[in-house]
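Asker: Below you will find the structure I want to go over with you.
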Amino acid sequence: MKAAEPIVFVVDDDASVCKALDRLIRSVGLKAETFPSAKDFLRREPHNGPSCLVLDIRMPGLSGLDLQRELAAKDYSIPIIFITGHGDIPMSVQAMKAGAVDFLPKPFSDQELLDAIHAALEKDTLAREERAELSNIQRRIGSLTPREHEVFVRVVTGMLNKQIAWELGASEKTIKVHRARVMEKMGVQSVAELVHLAEKAGIPTPKV
């Protein structure tokens, strides 16, 4: 399946700003969508691909900070670049603490904004790859039977087959069979790889 192309969303109540930013973003080969208000942006379905949000901090109705809070509440993960004509430092601190990737006081250069956009899209691409990898690991873990899962969580803590057999009240031969199935279902060739997947999934492993 072809990956969705990156989109830069612009939310600003000033139509001339939206038009200028739309033109600038498209001039470097990126797709742009503009919205006159935070509520208009919230009506759009989340984009299933890399994206970022260029957001005016002061707007009638829902402000940029309000929209940032709404997106966080909806668990809508998107890098936000705030723009403002007011140079409000406390607001910028609040925005950055809440996870904004950049804050550009007007006037900013075209290159400053484009650099921030490229960095935000790269960050979102990496975050999406990590989420997809974690989802894949969790799907594989979910394919294990209850007994295989019991063996899995013990193997990654460094227990030997005979120790696992004793703890689970099974024969060592049976544990070897379960262990082989765990390795096959998890798609790994070594315990080190299995431990790596367990760490990514947040399953306790030996402290190095």
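Here, A, B, ... name the chains of the structure tokens in the order displayed, residue numbers run from 1 inside each chain, and ligands are numbered from 1 in the same displayed order.
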Write out as a tab-separated table the residues of segment 146-170 of chain A that have any atom within 12 Å of an atom of segment 123-140 of chain A, one row each with the nearest atom pair and its distance in Å to one decimal, counting only C-alpha atoms, sorted by chain and then rising number.

Answerer:
```
residue	atom	partner	partner_atom	distance
A:Glu148	CA	A:Arg140	CA	11.7
A:His149	CA	A:Arg140	CA	10.7
A:Phe152	CA	A:Arg140	CA	11.6
```

Asker: Please identify the alpha helix (DSSP H) residues within chain A (assignment by DSSP from backbone atoms) and present them as a ChimeraX atom specification.

Answerer: /A:15-27,38-42,64-73,89-97,110-142,146-155,161-168,172-186,191-200

Asker: List as a compact mmCIF listing (two decimals) with N, CA and C atoms, in the first residue's frame the protein and nucleic acid residues near Leu113 of chain A, meaning an atom at most 10 Å away when only C-alpha atoms are counted, but skip any in the same chain fewer than 3 places from it.

Answerer:
```
# COMPACT_ATOMS: atom_id res chain seq x y z
N LEU A 21 1.08 31.37 3.32
CA LEU A 21 1.74 30.16 3.81
C LEU A 21 1.43 28.97 2.90
N LEU A 24 3.77 29.35 0.01
CA LEU A 24 5.16 29.05 0.42
C LEU A 24 5.37 27.54 0.56
N ILE A 25 4.46 26.87 1.23
CA ILE A 25 4.59 25.42 1.48
C ILE A 25 4.56 24.65 0.16
N VAL A 54 0.83 24.14 11.46
CA VAL A 54 1.31 25.51 11.66
C VAL A 54 0.11 26.28 12.20
N ILE A 81 3.74 23.73 15.21
CA ILE A 81 4.61 24.90 15.12
C ILE A 81 3.71 26.11 15.36
N ILE A 83 2.80 30.08 15.57
CA ILE A 83 3.24 31.39 15.07
C ILE A 83 2.42 32.46 15.78
N ASP A 102 7.98 23.95 17.88
CA ASP A 102 8.64 25.22 17.62
C ASP A 102 7.66 26.36 17.86
N PHE A 103 8.22 27.57 18.01
CA PHE A 103 7.42 28.76 18.27
C PHE A 103 8.09 29.91 17.54
N LEU A 104 7.42 30.42 16.51
CA LEU A 104 8.03 31.45 15.66
C LEU A 104 7.29 32.78 15.82
N PHE A 108 8.87 36.21 10.78
CA PHE A 108 9.89 35.17 10.64
C PHE A 108 10.17 35.01 9.15
N SER A 109 11.34 34.51 8.84
CA SER A 109 11.69 34.34 7.42
C SER A 109 11.03 33.08 6.87
N ASP A 110 10.87 33.05 5.56
CA ASP A 110 10.32 31.85 4.90
C ASP A 110 11.16 30.63 5.26
N ALA A 116 11.49 24.64 10.13
CA ALA A 116 10.67 24.10 11.23
C ALA A 116 9.69 23.04 10.71
N ILE A 117 9.11 23.28 9.54
CA ILE A 117 8.17 22.33 8.94
C ILE A 117 8.86 21.01 8.60
N HIS A 118 10.03 21.10 7.96
CA HIS A 118 10.75 19.87 7.59
C HIS A 118 11.14 19.07 8.84
N ALA A 119 11.58 19.78 9.90
CA ALA A 119 11.95 19.09 11.14
C ALA A 119 10.72 18.43 11.78
```

Asker: Using only C-alpha atoms, which protein or nucleic acid residues come within 10 Å of Arg58 of chain A? Drop anything in the same chain fewer than 3 positions from it, and give the result as a PyMOL selection string.

Answerer: chain A and resi 12-13+55+61-66+82-86+91

Asker: Please produce an output containing N, CA and C atoms for each residue in the selection, written as a PDB file, in the first residue's frame.

Answerer:
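Result file is again34.pdb:
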```
ATOM      1  N   ASP A  12      -5.141  29.605  10.748  1.00  0.00           N
ATOM      2  CA  ASP A  12      -4.946  31.036  11.032  1.00  0.00           C
ATOM      3  C   ASP A  12      -6.205  31.761  10.604  1.00  0.00           C
ATOM      4  N   ASP A  13      -6.702  32.669  11.454  1.00  0.00           N
ATOM      5  CA  ASP A  13      -7.937  33.378  11.122  1.00  0.00           C
ATOM      6  C   ASP A  13      -7.714  34.491  10.102  1.00  0.00           C
ATOM      7  N   LEU A  55       0.243  26.763  13.423  1.00  0.00           N
ATOM      8  CA  LEU A  55      -0.930  27.215  14.169  1.00  0.00           C
ATOM      9  C   LEU A  55      -0.732  28.612  14.765  1.00  0.00           C
ATOM     10  N   GLY A  61     -12.559  32.694  19.292  1.00  0.00           N
ATOM     11  CA  GLY A  61     -13.090  31.359  19.635  1.00  0.00           C
ATOM     12  C   GLY A  61     -11.996  30.514  20.260  1.00  0.00           C
ATOM     13  N   LEU A  62     -11.756  29.344  19.692  1.00  0.00           N
ATOM     14  CA  LEU A  62     -10.694  28.474  20.207  1.00  0.00           C
ATOM     15  C   LEU A  62      -9.335  29.040  19.806  1.00  0.00           C
ATOM     16  N   SER A  63      -8.490  29.311  20.785  1.00  0.00           N
ATOM     17  CA  SER A  63      -7.137  29.803  20.492  1.00  0.00           C
ATOM     18  C   SER A  63      -6.246  28.640  20.074  1.00  0.00           C
ATOM     19  N   GLY A  64      -5.030  28.978  19.665  1.00  0.00           N
ATOM     20  CA  GLY A  64      -4.073  27.932  19.310  1.00  0.00           C
ATOM     21  C   GLY A  64      -3.786  27.009  20.476  1.00  0.00           C
ATOM     22  N   LEU A  65      -3.645  27.580  21.683  1.00  0.00           N
ATOM     23  CA  LEU A  65      -3.390  26.769  22.874  1.00  0.00           C
ATOM     24  C   LEU A  65      -4.606  25.890  23.194  1.00  0.00           C
ATOM     25  N   ASP A  66      -5.810  26.430  22.977  1.00  0.00           N
ATOM     26  CA  ASP A  66      -7.027  25.633  23.188  1.00  0.00           C
ATOM     27  C   ASP A  66      -7.029  24.425  22.251  1.00  0.00           C
ATOM     28  N   PHE A  82       3.911  26.811  16.461  1.00  0.00           N
ATOM     29  CA  PHE A  82       3.095  27.986  16.747  1.00  0.00           C
ATOM     30  C   PHE A  82       3.688  29.221  16.096  1.00  0.00           C
ATOM     31  N   ILE A  83       2.801  30.083  15.569  1.00  0.00           N
ATOM     32  CA  ILE A  83       3.237  31.394  15.065  1.00  0.00           C
ATOM     33  C   ILE A  83       2.415  32.457  15.782  1.00  0.00           C
ATOM     34  N   THR A  84       3.047  33.585  16.046  1.00  0.00           N
ATOM     35  CA  THR A  84       2.347  34.661  16.741  1.00  0.00           C
ATOM     36  C   THR A  84       2.922  36.009  16.355  1.00  0.00           C
ATOM     37  N   GLY A  85       2.068  37.010  16.386  1.00  0.00           N
ATOM     38  CA  GLY A  85       2.534  38.368  16.121  1.00  0.00           C
ATOM     39  C   GLY A  85       2.716  39.155  17.401  1.00  0.00           C
ATOM     40  N   HIS A  86       2.604  38.470  18.523  1.00  0.00           N
ATOM     41  CA  HIS A  86       2.609  39.176  19.805  1.00  0.00           C
ATOM     42  C   HIS A  86       3.866  38.950  20.638  1.00  0.00           C
ATOM     43  N   MET A  91       3.279  32.555  26.854  1.00  0.00           N
ATOM     44  CA  MET A  91       2.507  31.664  25.985  1.00  0.00           C
ATOM     45  C   MET A  91       3.415  30.665  25.283  1.00  0.00           C
TER      46      MET A  91
END
```

Asker: Using only C-alpha atoms, which residues sit within 9 Å of His47 of chain A once same-chain residues fewer than 5 positions away are excluded, as a PyMOL selection string?

Answerer: chain A and resi 4+6-7

Asker: Save out the residues we just selected, N, CA, C and O atoms, as a PDB file, in the first residue's frame.

Answerer:
```pdb
ATOM      1  N   ALA A   4       0.762   7.465   2.580  1.00  0.00           N
ATOM      2  CA  ALA A   4       0.108   8.756   2.364  1.00  0.00           C
ATOM      3  C   ALA A   4       1.165   9.854   2.313  1.00  0.00           C
ATOM      4  O   ALA A   4       2.130   9.825   3.072  1.00  0.00           O
ATOM      5  N   PRO A   6       2.980  13.500   2.833  1.00  0.00           N
ATOM      6  CA  PRO A   6       2.949  14.446   3.948  1.00  0.00           C
ATOM      7  C   PRO A   6       2.030  15.637   3.658  1.00  0.00           C
ATOM      8  O   PRO A   6       1.912  16.069   2.511  1.00  0.00           O
ATOM      9  N   ILE A   7       1.387  16.140   4.704  1.00  0.00           N
ATOM     10  CA  ILE A   7       0.546  17.335   4.584  1.00  0.00           C
ATOM     11  C   ILE A   7       0.926  18.319   5.696  1.00  0.00           C
ATOM     12  O   ILE A   7       1.145  17.920   6.838  1.00  0.00           O
TER      13      ILE A   7
END
```

Asker: Please give the complete set of residues from segment 4-199 of chain A that DSSP, run on the backbone, assigns to strand (DSSP E or B), formatted as a list in words.

Answerer: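 Restricting segment 4-199 of chain A to strand (DSSP E or B) produces Ile7, Val8, Phe9, Val10, Val11, Lys31, Ala32, Glu33, Thr34, Phe35, Ser51, Cys52, Leu53, Val54, Leu55, Asp56, Ile80, Ile81, Phe82, Ile83, Thr84, Asp102, Phe103, Leu104 and Pro105 of chain A.
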
Asker: Would you please work out which residue, of A:Arg44, A:Lys97, A:Lys176, A:Arg154, is nearest to Arg69 of chain A when using only C-alpha atoms?

Answerer: A:Lys97

Asker: For Val17 of chain A, work out the shell of residues within 10 Å, counting only C-alpha atoms and skipping chain neighbours fewer than 5 positions away, then give it as a ChimeraX atom specification.

Answerer: /A:10-12,22-23,34,36,56

Asker: Can you list, as a list in words, every protein, DNA or RNA residue that comes within 9 Å of Lys185 of chain A when you count only C-alpha atoms, leaving out same-chain residues fewer than 3 positions away?

Answerer: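 The contact residues come out as Arg140, Ile141, Ser143, Leu144, Ala180, Arg181, Val182 and Val188 of chain A.
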
Asker: Write the residues of the preceding selection, restricted to C-alpha atoms, as a CSV table (one decimal), in the first residue's frame.

Answerer:
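Dumped everything to again_8.csv:
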```
chain,number,residue,atom,x,y,z
A,140,ARG,CA,2.9,-10.9,17.6
A,141,ILE,CA,2.8,-11.1,21.4
A,143,SER,CA,-0.6,-14.4,18.9
A,144,LEU,CA,1.1,-16.3,21.7
A,180,ALA,CA,10.7,-22.7,19.8
A,181,ARG,CA,7.1,-21.6,19.1
A,182,VAL,CA,7.7,-18.3,20.8
A,188,VAL,CA,13.4,-13.9,16.0
```
